[in-house]
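As stored in work-v4.txt (compact mmCIF, C-alpha atoms):
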# COMPACT_ATOMS: atom_id res chain seq x y z
CA MET A 274 -78.88 1.67 46.16
CA LYS A 275 -82.18 1.42 48.05
CA ASN A 276 -81.94 4.55 50.09
CA GLU A 277 -79.85 6.53 47.71
CA PRO A 278 -82.56 8.22 45.66
CA GLN A 279 -82.90 11.09 48.03
CA LYS A 280 -83.52 14.69 47.24
CA GLY A 281 -80.20 16.46 47.25
CA SER A 282 -78.18 13.32 46.76
CA GLY A 283 -75.67 13.43 43.96
CA LEU A 284 -77.07 10.34 42.28
CA PRO A 285 -79.09 12.08 39.54
CA MET A 286 -76.10 14.15 38.58
CA ILE A 287 -73.90 11.08 38.54
CA ILE A 288 -76.36 9.25 36.29
CA ILE A 289 -76.63 12.29 34.01
CA GLY A 290 -72.86 12.50 33.82
CA VAL A 291 -72.55 8.79 33.07
CA VAL A 292 -75.14 9.05 30.28
CA LEU A 293 -73.39 12.09 28.83
CA ILE A 294 -70.07 10.27 28.83
CA ALA A 295 -71.73 7.18 27.35
CA ALA A 296 -73.36 9.25 24.60
CA VAL A 297 -70.10 10.98 23.69
CA ALA A 298 -68.15 7.73 23.85
CA GLY A 299 -70.79 5.98 21.78
CA ALA A 300 -70.67 8.74 19.19
CA TYR A 301 -66.88 8.59 19.13
CA PHE A 302 -66.92 4.82 18.72
CA LEU A 303 -69.52 4.94 15.94
CA TYR A 304 -67.63 7.74 14.25
CA ASN A 305 -64.37 5.85 14.30
CA SER A 306 -65.85 2.57 13.19
CA SER A 307 -67.36 4.23 10.14
CA GLN A 308 -64.22 6.22 9.48
CA THR A 309 -62.12 3.20 8.63
CA PRO A 310 -63.86 2.10 5.48
CA ALA A 311 -60.65 1.68 3.49
CA ASN A 312 -60.32 -2.08 3.88
CA ARG A 313 -64.01 -2.70 3.66
CA ASN A 314 -64.24 -0.58 0.53
CA THR A 315 -61.44 -2.36 -1.17
CA ALA A 316 -63.01 -5.66 -0.35
CA ALA A 317 -66.35 -4.47 -1.62
CA GLY A 318 -64.70 -3.14 -4.72
CA ASN A 319 -62.96 -6.38 -5.47
CA LYS A 320 -65.97 -8.47 -4.68
CA ASN A 321 -68.43 -6.42 -6.65
CA SER A 322 -66.23 -5.58 -9.55
CA ASN A 323 -66.78 -9.18 -10.58
CA ARG A 324 -70.13 -8.01 -11.80
CA THR A 325 -69.15 -7.19 -15.32
CA VAL A 326 -71.78 -6.02 -17.69
CA ASN A 327 -72.00 -6.90 -21.30
CA SER A 328 -71.53 -3.47 -22.80
CA ALA A 329 -71.81 -4.81 -26.29
CA ALA A 330 -75.47 -5.68 -25.83
CA ALA A 331 -76.44 -2.23 -24.54
CA PRO A 332 -77.34 0.76 -26.72
CA LEU A 333 -74.32 2.93 -27.43
CA GLY A 334 -75.63 6.11 -25.83
CA ALA A 335 -75.05 9.64 -27.05
CA ASN A 336 -72.44 9.62 -29.78
CA PRO A 337 -69.91 11.12 -29.53
CA PRO A 338 -70.11 10.83 -25.74
CA ASN A 339 -69.07 13.48 -23.26
CA MET A 340 -65.50 12.34 -22.96
CA LEU A 341 -62.20 13.31 -21.35
CA GLY A 342 -58.83 11.66 -21.86
CA SER A 343 -57.87 9.59 -24.86
CA PRO A 344 -60.46 7.84 -27.04
CA THR A 345 -57.95 5.03 -27.61
CA ALA A 346 -56.96 4.50 -23.96
CA SER A 347 -56.98 0.91 -22.72
CA VAL A 348 -59.13 1.76 -19.70
CA THR A 349 -62.61 3.21 -19.99
CA VAL A 350 -64.21 4.79 -16.96
CA GLU A 351 -67.90 5.39 -17.56
CA GLU A 352 -70.00 7.28 -15.07
CA PHE A 353 -73.80 7.44 -15.04
CA ALA A 354 -74.91 10.40 -12.98
CA ASP A 355 -77.73 12.74 -12.15
CA PHE A 356 -77.02 16.42 -11.50
CA GLN A 357 -79.64 16.61 -8.78
CA CYS A 358 -78.32 13.61 -6.89
CA PRO A 359 -76.40 14.49 -3.69
CA ALA A 360 -74.31 11.33 -3.94
CA CYS A 361 -73.23 12.27 -7.48
CA SER A 362 -72.23 15.68 -6.24
CA ALA A 363 -70.31 13.99 -3.43
CA VAL A 364 -68.29 11.75 -5.75
CA HIS A 365 -67.70 14.55 -8.25
CA PRO A 366 -64.38 15.64 -6.67
CA THR A 367 -63.24 12.01 -6.82
CA MET A 368 -64.11 11.87 -10.51
CA LYS A 369 -62.22 15.07 -11.16
CA GLU A 370 -59.17 13.76 -9.33
CA ILE A 371 -59.24 10.54 -11.34
CA GLN A 372 -59.56 12.55 -14.56
CA SER A 373 -56.58 14.72 -13.73
CA THR A 374 -54.48 11.88 -12.31
CA TYR A 375 -54.80 9.68 -15.36
CA GLY A 376 -55.30 12.22 -18.13
CA ASN A 377 -54.82 10.47 -21.46
CA ARG A 378 -54.16 7.08 -19.88
CA ILE A 379 -57.89 6.60 -19.50
CA ARG A 380 -61.02 7.38 -21.44
CA PHE A 381 -63.51 9.03 -19.09
CA ILE A 382 -67.10 9.06 -20.30
CA PHE A 383 -69.90 10.90 -18.58
CA ARG A 384 -73.43 9.64 -19.17
CA ASN A 385 -76.49 11.60 -18.22
CA PHE A 386 -78.79 9.38 -16.20
CA PRO A 387 -81.40 11.67 -14.61
CA LEU A 388 -83.63 9.61 -12.34
CA ALA A 389 -87.35 10.02 -12.75
CA ILE A 390 -88.10 10.34 -9.04
CA PRO A 391 -90.01 13.16 -7.31
CA GLN A 392 -86.96 14.49 -5.44
CA HIS A 393 -85.13 14.91 -8.73
CA ASP A 394 -87.72 17.10 -10.41
CA LYS A 395 -85.09 19.19 -12.20
CA ALA A 396 -82.65 16.40 -13.02
CA TYR A 397 -83.80 15.77 -16.56
CA GLU A 398 -83.78 19.46 -17.40
CA ALA A 399 -80.32 19.81 -15.87
CA ALA A 400 -79.09 16.98 -18.09
CA VAL A 401 -80.62 18.67 -21.14
CA ALA A 402 -79.02 21.96 -20.08
CA SER A 403 -75.60 20.30 -19.93
CA GLU A 404 -76.09 18.99 -23.45
CA ALA A 405 -77.27 22.42 -24.60
CA VAL A 406 -74.01 23.86 -23.25
CA ARG A 407 -72.10 21.15 -25.07
CA MET A 408 -73.74 22.18 -28.33
CA GLN A 409 -71.98 25.53 -28.02
CA ASP A 410 -68.67 24.31 -26.65
CA SER A 411 -67.97 20.71 -25.69
CA THR A 412 -65.22 21.67 -23.24
CA LYS A 413 -67.62 23.97 -21.39
CA PHE A 414 -69.78 20.93 -20.67
CA TRP A 415 -67.36 20.02 -17.88
CA ASP A 416 -67.31 23.56 -16.47
CA PHE A 417 -71.09 23.61 -16.46
CA GLN A 418 -71.11 20.23 -14.74
CA ASN A 419 -68.82 21.63 -12.03
CA LYS A 420 -71.19 24.54 -11.52
CA LEU A 421 -74.22 22.28 -11.29
CA TYR A 422 -72.61 20.03 -8.71
CA GLU A 423 -70.98 22.73 -6.63
CA ASN A 424 -74.20 24.72 -6.41
CA GLN A 425 -76.56 21.78 -6.29
CA GLN A 426 -78.35 22.89 -3.15
CA ALA A 427 -78.75 26.42 -4.47
CA TRP A 428 -80.64 25.53 -7.64
CA SER A 429 -82.26 22.23 -6.58
CA ALA A 430 -84.73 23.93 -4.28
CA ASN A 431 -85.05 27.19 -6.22
CA PRO A 432 -88.06 27.85 -8.46
CA ASN A 433 -85.86 30.20 -10.53
CA TYR A 434 -83.32 27.48 -11.27
CA ARG A 435 -83.42 28.27 -14.99
CA GLN A 436 -82.14 31.79 -14.34
CA ILE A 437 -79.41 30.35 -12.12
CA TRP A 438 -78.28 28.04 -14.93
CA GLU A 439 -78.42 30.89 -17.43
CA GLY A 440 -76.09 32.75 -15.08
CA TYR A 441 -73.60 29.86 -15.31
CA VAL A 442 -73.90 29.96 -19.09
CA ARG A 443 -73.32 33.71 -19.16
CA ASP A 444 -70.31 33.38 -16.81
CA ALA A 445 -68.85 30.78 -19.15
CA GLY A 446 -68.98 33.35 -21.94
CA LEU A 447 -71.62 31.45 -23.90
CA ASP A 448 -74.70 32.71 -25.70
CA VAL A 449 -77.65 32.56 -23.29
CA GLU A 450 -80.28 32.93 -26.01
CA LYS A 451 -78.81 30.04 -27.97
CA PHE A 452 -78.65 28.01 -24.75
CA LYS A 453 -82.37 28.59 -24.15
CA ALA A 454 -83.18 27.66 -27.73
CA ASP A 455 -81.04 24.51 -27.54
CA MET A 456 -82.70 23.49 -24.29
CA ALA A 457 -86.08 23.78 -25.95
CA GLY A 458 -84.90 21.94 -29.07
CA SER A 459 -84.81 18.21 -29.58
CA ALA A 460 -81.10 17.61 -30.22
CA ALA A 461 -80.01 18.00 -26.58
CA LYS A 462 -82.92 15.92 -25.33
CA LYS A 463 -82.11 13.21 -27.84
CA ARG A 464 -78.57 12.88 -26.47
CA VAL A 465 -79.87 12.65 -22.89
CA ASP A 466 -82.42 10.04 -23.92
CA GLU A 467 -79.74 8.01 -25.68
CA ASP A 468 -77.59 8.02 -22.54
CA ILE A 469 -80.58 6.95 -20.46
CA GLN A 470 -81.28 4.11 -22.91
CA ARG A 471 -77.70 2.94 -22.58
CA GLY A 472 -77.90 3.09 -18.80
CA ARG A 473 -81.06 1.02 -18.78
CA GLY A 474 -79.45 -1.44 -21.15
CA LEU A 475 -76.59 -1.84 -18.67
CA GLY A 476 -78.98 -2.31 -15.76
CA VAL A 477 -78.28 1.03 -14.12
CA ASP A 478 -80.96 1.85 -11.54
CA SER A 479 -79.18 4.28 -9.25
CA THR A 480 -76.70 7.11 -9.46
CA PRO A 481 -73.81 7.41 -9.46
CA THR A 482 -73.09 4.16 -11.23
CA LEU A 483 -69.53 3.69 -12.31
CA PHE A 484 -67.99 1.17 -14.67
CA VAL A 485 -64.29 0.61 -15.16
CA ASN A 486 -63.85 -1.40 -18.33
CA GLY A 487 -67.39 -2.66 -17.87
CA LYS A 488 -66.89 -3.66 -14.24
CA ASN A 489 -69.34 -2.08 -11.85
CA ILE A 490 -67.71 -0.20 -8.96
CA PRO A 491 -70.19 0.00 -6.06
CA MET A 492 -70.83 3.33 -4.46
CA ASP A 493 -68.99 2.55 -1.23
CA ALA A 494 -65.89 1.68 -3.24
CA ILE A 495 -65.88 4.96 -5.15
CA ASN A 496 -62.92 6.70 -3.60
CA VAL A 497 -59.63 7.81 -5.06
CA ALA A 498 -57.52 5.09 -3.44
CA ASN A 499 -59.71 2.23 -4.54
CA LEU A 500 -60.31 3.59 -8.04
CA ARG A 501 -56.58 3.98 -8.56
CA GLN A 502 -56.12 0.39 -7.54
CA VAL A 503 -58.79 -0.81 -9.94
CA ILE A 504 -57.64 1.39 -12.82
CA ASP A 505 -53.98 0.50 -12.28
CA ALA A 506 -54.89 -3.17 -12.37
CA GLU A 507 -56.74 -2.63 -15.64
CA ILE A 508 -53.78 -0.78 -17.10
CA GLN A 509 -51.51 -3.64 -16.03
CA ASN A 510 -53.86 -6.13 -17.64
CA ALA A 511 -53.79 -4.20 -20.86
CA ILE A 512 -50.01 -4.19 -20.81
CA LYS A 513 -49.85 -7.92 -20.21
CA THR A 514 -52.18 -8.72 -23.04
CA GLN A 515 -50.57 -6.17 -25.34
CA PRO A 516 -46.85 -6.07 -24.51
CA ALA A 517 -46.23 -3.72 -27.39
CA ALA A 518 -48.34 -1.02 -25.81
CA ASN A 519 -46.51 1.78 -24.05
CA SER A 520 -44.66 0.71 -20.94
CA ALA A 521 -44.76 4.01 -19.12
CA PRO A 522 -47.91 3.29 -17.12
CA ALA A 523 -46.25 0.27 -15.48
CA SER A 524 -43.87 2.34 -13.41
CA ASN A 525 -46.53 4.94 -12.82
CA SER A 526 -49.02 2.46 -11.58
CA ALA A 527 -46.49 0.99 -9.19
CA ALA A 528 -45.93 4.46 -7.82
CA ASN A 529 -49.65 5.02 -7.70
CA SER A 530 -50.47 1.91 -5.78
CA ASN A 531 -47.77 2.81 -3.29
CA ALA A 532 -49.18 6.28 -3.00
CA ALA A 533 -52.60 4.81 -2.52
CA LYS A 534 -51.41 2.96 0.55
CA MET B 237 -80.64 0.40 37.08
CA ASP B 238 -83.86 1.87 35.82
CA ASP B 239 -85.72 -1.29 36.68
CA GLU B 240 -84.54 -1.14 40.23
CA LEU B 241 -85.75 2.39 40.56
CA ALA B 242 -89.02 1.61 38.88
CA GLU B 243 -89.66 -1.29 41.18
CA GLN B 244 -89.48 0.66 44.35
CA ALA B 245 -91.00 3.85 42.98
CA SER B 246 -94.59 4.61 43.69
CA PRO B 247 -97.05 4.67 40.79
CA ALA B 248 -96.93 8.46 40.93
CA SER B 249 -93.32 8.54 39.85
CA LYS B 250 -93.69 6.06 37.03
CA LEU B 251 -94.16 8.68 34.35
CA PRO B 252 -90.78 10.41 34.81
CA ILE B 253 -89.07 7.04 34.87
CA ILE B 254 -90.75 6.00 31.63
CA ALA B 255 -89.77 9.38 30.22
CA VAL B 256 -86.16 8.77 31.27
CA MET B 257 -86.07 5.50 29.36
CA VAL B 258 -87.82 6.86 26.28
CA ALA B 259 -85.49 9.87 26.22
CA LEU B 260 -82.53 7.48 26.38
CA ILE B 261 -83.82 5.67 23.30
CA GLY B 262 -84.24 9.02 21.57
CA LEU B 263 -80.76 10.05 22.61
CA ALA B 264 -79.16 6.88 21.27
CA ASP B 265 -81.13 7.21 18.05
CA SER B 266 -80.19 10.83 17.43
CA VAL B 267 -76.55 10.22 18.31
CA TYR B 268 -76.59 7.46 15.71
CA LEU B 269 -78.21 9.78 13.16
CA THR B 270 -75.70 12.54 13.88
CA VAL B 271 -72.74 10.25 13.37
CA GLN B 272 -74.40 8.78 10.31
CA HIS B 273 -74.82 12.27 8.91
CA LEU B 274 -71.22 13.23 9.62
CA THR B 275 -69.54 10.10 8.33
CA ALA B 276 -71.90 8.46 5.89
CA ALA B 277 -70.33 8.08 2.56
CA PRO B 278 -73.31 9.30 0.62
CA VAL B 279 -75.40 6.45 -0.61
CA PRO B 280 -76.50 6.39 -4.23
CA CYS B 281 -79.74 7.91 -5.35
CA SER B 282 -81.95 5.13 -6.43
CA ILE B 283 -85.24 4.76 -8.19
CA ILE B 284 -86.36 3.52 -4.80
CA SER B 285 -85.03 6.23 -2.51
CA GLY B 286 -84.79 6.19 1.24
CA CYS B 287 -83.12 7.44 4.36
CA GLU B 288 -80.08 8.83 2.64
CA THR B 289 -82.19 11.29 0.75
CA VAL B 290 -83.32 12.70 4.05
CA LEU B 291 -79.89 12.73 5.68
CA THR B 292 -78.25 14.34 2.67
CA SER B 293 -81.04 16.80 1.96
CA ALA B 294 -80.75 20.54 2.31
CA TYR B 295 -82.58 20.20 5.63
CA ALA B 296 -80.19 17.70 7.17
CA ASP B 297 -78.24 20.52 8.75
CA MET B 298 -78.97 23.97 10.01
CA ALA B 299 -76.14 26.48 9.86
CA GLY B 300 -73.71 23.62 9.44
CA VAL B 301 -74.91 21.70 12.49
CA PRO B 302 -76.60 18.38 11.72
CA THR B 303 -80.29 18.53 12.56
CA ALA B 304 -79.82 15.25 14.39
CA ALA B 305 -77.33 16.93 16.74
CA PHE B 306 -80.07 19.31 17.89
CA GLY B 307 -82.14 16.21 18.50
CA ALA B 308 -79.37 14.64 20.54
CA ALA B 309 -79.05 17.79 22.65
CA ALA B 310 -82.83 17.94 23.16
CA TYR B 311 -83.04 14.28 24.17
CA PHE B 312 -80.16 14.69 26.57
CA ALA B 313 -81.92 17.66 28.15
CA ALA B 314 -85.19 15.72 28.27
CA PHE B 315 -83.42 12.75 29.85
CA SER B 316 -81.74 14.93 32.48
CA LEU B 317 -84.94 16.76 33.38
CA ALA B 318 -86.98 13.57 33.57
CA LEU B 319 -84.33 11.97 35.73
CA LEU B 320 -84.29 14.92 38.11
CA ALA B 321 -88.09 14.73 38.19
CA ALA B 322 -87.90 11.04 38.99
CA PHE B 323 -85.79 12.03 41.99
CA GLY B 324 -88.42 14.50 43.06
CA ASN B 325 -87.56 17.75 41.36
CA ARG B 326 -90.89 19.21 40.29
CA ALA B 327 -89.45 22.25 38.55
CA ALA B 328 -87.50 19.87 36.31
CA TRP B 329 -90.70 18.05 35.46
CA MET B 330 -92.33 21.31 34.45
CA LEU B 331 -89.37 22.20 32.26
CA PHE B 332 -89.56 18.73 30.78
CA GLY B 333 -93.16 19.43 29.80
CA VAL B 334 -92.22 22.69 28.10
CA LEU B 335 -89.30 21.04 26.32
CA SER B 336 -91.45 18.16 25.11
CA ILE B 337 -93.91 20.63 23.54
CA GLY B 338 -91.07 22.31 21.65
CA MET B 339 -89.67 18.96 20.55
CA ALA B 340 -93.05 17.75 19.34
CA ALA B 341 -93.57 20.95 17.34
CA PHE B 342 -90.14 20.63 15.75
CA THR B 343 -90.81 16.97 14.98
CA LEU B 344 -94.03 17.90 13.20
CA TRP B 345 -92.01 20.26 11.02
CA LEU B 346 -89.46 17.53 10.26
CA LEU B 347 -92.25 15.09 9.39
CA TYR B 348 -93.75 17.69 7.07
CA LEU B 349 -90.36 18.13 5.38
CA GLN B 350 -89.93 14.39 4.92
CA GLY B 351 -93.45 13.85 3.64
CA PHE B 352 -94.03 16.88 1.46
CA VAL B 353 -90.72 18.52 0.63
CA ILE B 354 -88.07 15.81 0.45
CA GLY B 355 -90.56 13.13 -0.47
CA ALA B 356 -88.82 10.41 1.48
CA PHE B 357 -88.91 9.10 5.01
CA CYS B 358 -86.01 7.89 7.06
CA GLN B 359 -86.41 4.99 9.42
CA PHE B 360 -84.30 6.32 12.27
CA CYS B 361 -85.85 9.77 11.86
CA LEU B 362 -89.26 8.18 12.32
CA ILE B 363 -88.08 6.40 15.46
CA SER B 364 -87.05 9.79 16.76
CA ALA B 365 -90.46 11.20 15.88
CA LEU B 366 -92.07 8.35 17.78
CA THR B 367 -89.96 8.83 20.92
CA THR B 368 -90.66 12.56 20.86
CA PHE B 369 -94.39 12.00 20.64
CA VAL B 370 -94.21 9.50 23.49
CA LEU B 371 -92.36 12.07 25.62
CA PHE B 372 -94.94 14.66 24.66
CA GLY B 373 -97.71 12.21 25.51
CA ILE B 374 -96.15 11.53 28.92
CA ALA B 375 -95.92 15.24 29.62
CA MET B 376 -99.55 15.79 28.63
CA LEU B 377 -100.70 12.78 30.62
CA SER B 378 -98.84 14.10 33.61
CA LYS B 379 -100.34 17.54 33.19
CA PHE B 380 -103.96 16.51 32.74
CA TRP B 381 -104.17 13.33 34.75
CA ARG B 382 -103.54 14.88 38.11
CA ARG B 383 -103.69 11.83 40.29
CA VAL B 384 -101.04 9.90 38.47
CA VAL B 385 -98.92 12.97 38.23
CA SER B 386 -97.13 14.97 40.85
CA PRO B 387 -94.10 12.79 40.65
CA SER B 388 -92.15 11.62 43.57
CA PHE B 389 -93.83 13.18 46.55
CA HIS B 390 -92.72 10.12 48.41
CA PHE B 391 -89.04 10.81 48.07
Using structure tokens, write down the structure from this file.
Amino acid sequence: MKNEPQKGSGLPMIIIGVVLIAAVAGAYFLYNSSQTPANRNTAAGNKNSNRTVNSAAAPLGANPPNMLGSPTASVTVEEFADFQCPACSAVHPTMKEIQSTYGNRIRFIFRNFPLAIPQHDKAYEAAVASEAVRMQDSTKFWDFQNKLYENQQAWSANPNYRQIWEGYVRDAGLDVEKFKADMAGSAAKKRVDEDIQRGRGLGVDSTPTLFVNGKNIPMDAINVANLRQVIDAEIQNAIKTQPAANSAPASNSAANSNAAK
Amino acid sequence: MDDELAEQASPASKLPIIAVMVALIGLADSVYLTVQHLTAAPVPCSIISGCETVLTSAYADMAGVPTAAFGAAAYFAAFSLALLAAFGNRAAWMLFGVLSIGMAAFTLWLLYLQGFVIGAFCQFCLISALTTFVLFGIAMLSKFWRRVVSPSFHF
């Protein structure tokens, strides 16, 4: 080694090559080790889902809530989210898949929980806007939500975000003038505030926060496979405690948990 | 390996060797950040926000390439140039100086974004800022402190 560092020797190039290979290999290793979160997530989900909140003690939130599925379903999935939150946007496709997978077998409730932090300067207004849309057509609430999440980066950093939202409203075939009036009014704000109150009552301090029958599902466990497992288990529970309830979900959930693996 | 080289190197060639090691730290850090950006299941937004806000912000990639990947490329280039300089290549040391100026300027921009636009700092991004400024400092020291400079005449 002593005499090797000579001008023109290949040593620098060898070291550079070794470092390049090490960097790529390190990246590959890191990438792979964070790509296998399935087991960890499930564990986290099971561990943390023990944290059950006492929903009864919390304020009820906006009533009627923004809901999909059946109001009498045995499993309630309740999401607290913020339209300006990148993580909420990221889990949105998962939420949609859960909604379409389970349909009327669950009751899916969306709660506005805009965080009062500087990065989320438009979050509260976005929540109010979603409620203003609901005042015209409650089914369009979900379309508007899709638009907000899918175009989050476009409006989040745009000073003309109001015009962008009005564009979504117009595209949905709704009355833009009424939307503006409803946003300015107190009814939409009241619903948002009620949802926020409920969130605080349940101890929500970050978004998205998800509860399945009152059990908190931590962020790193929010994926389709794990949620299906948790929801299927809840459906099974409901069947056990109420044998008279419909038996169809039993076979479905068996199929689901297989599919999840 | 680096220690061995450092031991037998003359004081004049210390700066490139320090630069090599600092660039390696920067490289490891930015590789970590790149992978984090690509794989991180987004972490929830919290009343107390942090790194994830930065790594998931609109500025976390440029034209689809993670900003951290540019950092990794820059650190690798800085490492290679500093290493060549440590082995006596003066042109490489000059290029290293130019590169470190560009990196420092870009880092200032990223710090501005974190402080004033995103409103959150990210620990590993700050480590990167630190390593860049150290590299920049080494380059400036080398440029203006003539006697310590002129790496590796002895080789």
Show me, as number ranges by chain, the residues of chain A whose atoms get within 8 Å of chain B, using only C-alpha atoms for the distance check.
A: 278-280, 285, 289, 293, 296, 299-300, 303-304, 307-308, 358-361, 363, 388-392, 426, 478-481, 492-493
Of A:Ala396, A:Ile371, A:Ala460, A:Ala330, the one nearest to Leu500 (chain A) when counting all atoms listed in the file is A:Ile371
Considering all atoms listed in the file, can you say which of A:Ala354, A:Ile379, A:Ala298, A:Leu475 comes closest to Ala511 (chain A)?
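Going through A:Ala354, A:Ile379, A:Ala298, A:Leu475 one by one, the smallest distance to Ala511 (chain A) is for A:Ile379.
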Which residue, A:Ala346, A:Ala445, A:Ala454, A:Ala430, has the smallest gap to Tyr295 (chain B) when you use all atoms listed in the file?
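Closest to Tyr295 (chain B), using all atoms listed in the file: A:Ala430.
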Rounded to one decimal in Å, what is the spacing between CA of Gly487 (chain A) and CA of Leu421 (chain A)?
26.7 Å
Expressed in Å to a single decimal, how great is the separation between CA of Glu507 (chain A) and CA of Asn377 (chain A)?
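Those two atoms sit 14.5 Å apart.
Nearest residue to Gly476 (chain A) among A:Phe353, A:Phe302, A:Tyr375, A:Leu341 is A:Phe353, counting only C-alpha atoms.
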